[in-house]
$ cat run_21.cif   # mmCIF, C-alpha atoms
data_work
loop_
_atom_site.group_PDB
_atom_site.id
_atom_site.type_symbol
_atom_site.label_atom_id
_atom_site.label_comp_id
_atom_site.auth_asym_id
_atom_site.auth_seq_id
_atom_site.Cartn_x
_atom_site.Cartn_y
_atom_site.Cartn_z
ATOM 1 C CA MET L 1 1.808 -25.023 18.384
ATOM 2 C CA SER L 2 3.191 -23.859 15.047
ATOM 3 C CA GLN L 3 6.624 -22.383 14.659
ATOM 4 C CA ASN L 4 7.072 -19.161 12.676
ATOM 5 C CA THR L 5 10.310 -18.926 10.757
ATOM 6 C CA ALA L 6 11.851 -16.487 8.350
ATOM 7 C CA CYS L 7 12.141 -19.177 5.683
ATOM 8 C CA ALA L 8 12.599 -22.647 6.987
ATOM 9 C CA ASP L 9 13.884 -25.356 4.711
ATOM 10 C CA GLU L 10 10.614 -27.205 4.323
ATOM 11 C CA THR L 11 12.451 -30.448 3.634
ATOM 12 C CA THR L 12 13.691 -30.543 7.242
ATOM 13 C CA VAL L 13 10.707 -28.985 9.021
ATOM 14 C CA PRO L 14 7.257 -30.495 8.523
ATOM 15 C CA PRO L 15 5.027 -28.013 6.606
ATOM 16 C CA ASP L 16 2.347 -28.057 9.308
ATOM 17 C CA GLU L 17 4.894 -26.902 11.911
ATOM 18 C CA THR L 18 6.283 -23.924 10.053
ATOM 19 C CA ARG L 19 4.934 -20.864 8.351
ATOM 20 C CA CYS L 20 7.188 -19.052 5.938
ATOM 21 C CA TYR L 21 6.855 -15.269 5.726
ATOM 22 C CA CYS L 22 9.241 -14.883 2.776
ATOM 23 C CA PRO L 23 6.492 -13.830 0.328
ATOM 24 C CA LEU L 24 5.870 -10.799 2.547
ATOM 25 C CA GLY L 25 9.364 -9.441 1.888
ATOM 26 C CA GLY L 26 8.558 -7.502 -1.279
ATOM 27 C CA VAL L 27 5.174 -6.342 -0.060
ATOM 28 C CA MET L 28 6.588 -5.150 3.255
ATOM 29 C CA ASP L 29 9.416 -3.358 1.487
ATOM 30 C CA LEU L 30 6.903 -1.480 -0.659
ATOM 31 C CA LEU L 31 4.405 -0.727 2.107
ATOM 32 C CA SER L 32 7.081 0.390 4.569
ATOM 33 C CA ARG L 33 8.138 3.198 2.254
ATOM 34 C CA LYS L 34 7.125 6.657 3.408
ATOM 35 C CA TYR L 35 3.430 7.395 2.711
ATOM 36 C CA ALA L 36 2.795 4.135 0.791
ATOM 37 C CA ILE L 37 -0.055 2.887 2.980
ATOM 38 C CA GLN L 38 -1.507 6.383 3.231
ATOM 39 C CA VAL L 39 -1.474 6.777 -0.570
ATOM 40 C CA VAL L 40 -3.371 3.493 -0.982
ATOM 41 C CA CYS L 41 -5.966 4.689 1.528
ATOM 42 C CA VAL L 42 -6.307 8.205 0.075
ATOM 43 C CA VAL L 43 -6.601 7.005 -3.523
ATOM 44 C CA GLY L 44 -9.153 4.387 -2.452
ATOM 45 C CA ALA L 45 -11.214 6.969 -0.594
ATOM 46 C CA LEU L 46 -11.181 9.635 -3.319
ATOM 47 C CA GLU L 47 -10.866 7.719 -6.579
ATOM 48 C CA PRO L 48 -10.624 8.739 -9.270
ATOM 49 C CA VAL L 49 -8.165 11.205 -7.821
ATOM 50 C CA ARG L 50 -5.722 13.659 -9.315
ATOM 51 C CA TYR L 51 -2.210 14.305 -8.042
ATOM 52 C CA GLY L 52 -3.160 17.653 -6.494
ATOM 53 C CA GLU L 53 -5.965 16.056 -4.488
ATOM 54 C CA VAL L 54 -3.598 13.385 -3.133
ATOM 55 C CA GLU L 55 -1.052 16.079 -2.288
ATOM 56 C CA ALA L 56 -3.700 18.175 -0.509
ATOM 57 C CA ALA L 57 -4.740 15.173 1.599
ATOM 58 C CA PHE L 58 -1.203 14.936 2.994
ATOM 59 C CA GLY L 59 -0.479 18.570 3.714
ATOM 60 C CA GLU L 60 3.282 18.702 4.242
ATOM 61 C CA VAL L 61 4.792 16.191 1.805
ATOM 62 C CA SER L 62 7.536 16.703 -0.729
ATOM 63 C CA SER L 63 6.446 16.500 -4.355
ATOM 64 C CA SER L 64 9.297 14.147 -5.203
ATOM 65 C CA THR L 65 8.400 11.711 -2.403
ATOM 66 C CA LEU L 66 4.724 11.680 -3.315
ATOM 67 C CA SER L 67 5.446 11.332 -7.027
ATOM 68 C CA THR L 68 7.882 8.482 -6.367
ATOM 69 C CA ARG L 69 5.364 6.694 -4.155
ATOM 70 C CA LEU L 70 2.629 6.975 -6.773
ATOM 71 C CA ASP L 71 5.057 5.576 -9.353
ATOM 72 C CA ASP L 72 6.095 2.739 -7.015
ATOM 73 C CA LEU L 73 2.504 1.720 -6.338
ATOM 74 C CA THR L 74 1.608 1.959 -10.023
ATOM 75 C CA GLU L 75 4.606 -0.178 -10.976
ATOM 76 C CA ALA L 76 3.624 -2.724 -8.317
ATOM 77 C CA GLY L 77 0.170 -3.029 -9.896
ATOM 78 C CA LEU L 78 -1.720 -1.495 -6.986
ATOM 79 C CA LEU L 79 -2.665 1.749 -8.741
ATOM 80 C CA ASP L 80 -3.860 2.522 -12.252
ATOM 81 C CA ARG L 81 -2.598 5.779 -13.736
ATOM 82 C CA GLU L 82 -4.609 7.246 -16.583
ATOM 83 C CA GLN L 83 -3.299 10.233 -18.492
ATOM 84 C CA TYR L 84 -5.709 12.256 -20.606
ATOM 85 C CA ASP L 85 -4.547 14.149 -23.686
ATOM 86 C CA GLU L 86 -5.815 17.520 -22.596
ATOM 87 C CA ILE L 87 -4.364 20.962 -22.101
ATOM 88 C CA PRO L 88 -3.371 21.221 -19.304
ATOM 89 C CA PRO L 89 -2.546 17.517 -18.963
ATOM 90 C CA ARG L 90 -4.760 15.562 -16.585
ATOM 91 C CA VAL L 91 -3.737 12.392 -14.754
ATOM 92 C CA GLU L 92 -6.044 10.342 -12.541
ATOM 93 C CA TYR L 93 -5.253 7.484 -10.179
ATOM 94 C CA ARG L 94 -7.451 4.576 -9.135
ATOM 95 C CA LEU L 95 -6.854 1.411 -7.165
ATOM 96 C CA THR L 96 -6.507 -1.739 -9.225
ATOM 97 C CA ASP L 97 -8.370 -4.839 -8.056
ATOM 98 C CA GLU L 98 -5.232 -5.840 -6.122
ATOM 99 C CA GLY L 99 -4.968 -2.346 -4.650
ATOM 100 C CA ALA L 100 -8.602 -2.479 -3.527
ATOM 101 C CA GLU L 101 -7.976 -5.898 -1.982
ATOM 102 C CA LEU L 102 -4.936 -4.508 -0.141
ATOM 103 C CA ARG L 103 -6.936 -1.539 1.103
ATOM 104 C CA ALA L 104 -9.615 -3.870 2.459
ATOM 105 C CA LEU L 105 -6.918 -5.878 4.240
ATOM 106 C CA LEU L 106 -5.411 -2.699 5.698
ATOM 107 C CA ASP L 107 -8.716 -1.530 7.203
ATOM 108 C CA PRO L 108 -8.502 -3.815 10.288
ATOM 109 C CA LEU L 109 -4.885 -2.737 10.838
ATOM 110 C CA LEU L 110 -5.877 0.933 10.651
ATOM 111 C CA GLU L 111 -8.785 0.355 13.054
ATOM 112 C CA TRP L 112 -6.425 -1.413 15.461
ATOM 113 C CA ALA L 113 -3.950 1.493 15.254
ATOM 114 C CA GLN L 114 -6.714 4.032 15.949
ATOM 115 C CA GLU L 115 -7.877 2.028 18.965
ATOM 116 C CA ARG L 116 -4.306 1.928 20.305
ATOM 117 C CA ASP L 117 -3.927 5.677 19.869
ATOM 118 C CA GLY L 118 -7.218 6.209 21.684
ATOM 119 C CA ALA L 119 -6.127 3.975 24.560
ATOM 120 C CA ALA L 120 -2.802 5.757 25.059
#
$ encode --input "run_21.cif" --output "structure tokens"
Amino acid sequence: MSQNTACADETTVPPDETRCYCPLGGVMDLLSRKYAIQVVCVVGALEPVRYGEVEAAFGEVSSSTLSTRLDDLTEAGLLDREQYDEIPPRVEYRLTDEGAELRALLDPLLEWAQERDGAA
């Protein structure tokens, strides 16, 4: 049976007996932010998508929170942001390859959550 640790010193614990979850730290920090997972899912479902369409998908969400989350996900390399030189300005968001991979990995988690809600 393997042992899960937060970050075992692999020199003292044989590698086959430990699994380090340290690389998840940054990802979990990003994805645990308000609306982060939902933004990935909405952008993936509607892409290319404009800010107003993302905002409409959420209903009650503050503009600053949504804008910050889009910036966070863009900075993390999960979203592409393309600004067009038009009047009025137009910005569209798409998932990057990494963002699409993340969305695919989130699908089983979302299905599991829906099943739990249905069972309650």
$ residues_around --input "run_21.cif" --residues "region 44-51 of chain L" --least-positions-apart "5" --cutoff "9 Å" --atoms "all atoms listed in the file" --output "list in words"
Val39, Ala56, Leu66, Ser67, Leu70, Arg90, Val91, Glu92, Tyr93, Arg94, Leu95, Gly99, Ala100 and Arg103 of chain L
$ atom_distance --input "run_21.cif" --atom1 "CA of Ser32 (chain L)" --atom2 "CA of Leu73 (chain L)"
11.9 Å
$ atom_distance --input "run_21.cif" --atom1 "CA of Leu78 (chain L)" --atom2 "CA of Ala36 (chain L)"
10.6 Å
$ residues_around --input "run_21.cif" --residues "Asp97 (chain L)" --least-positions-apart "5" --cutoff "9 Å" --atoms "only C-alpha atoms" --output "list in words"
Gly77, Leu78, Leu79 and Leu102 of chain L
$ atom_distance --input "run_21.cif" --atom1 "CA of Glu60 (chain L)" --atom2 "CA of Tyr84 (chain L)"
27.2 Å
$ closest_residue --input "run_21.cif" --among "L:Arg33, L:Val40, L:Leu105, L:Pro88" --to "Thr74 (chain L)" --atoms "all atoms listed in the file"
L:Val40
$ axis_aligned_box --input "run_21.cif" --around "region 63-75 of chain L" --padding-each-side "3 Å" --output "AutoDock Vina command-line options"
--center_x 5.5 --center_y 8.2 --center_z -6.7 --size_x 13.7 --size_y 22.7 --size_z 14.6
$ closest_residue --input "run_21.cif" --among "L:Val61, L:Ala119, L:Val27, L:Val43" --to "Thr96 (chain L)" --atoms "only C-alpha atoms"
L:Val43
$ closest_residue --input "run_21.cif" --among "L:Asp72, L:Tyr35, L:Arg81, L:Leu109" --to "Glu55 (chain L)" --atoms "only C-alpha atoms"
L:Tyr35
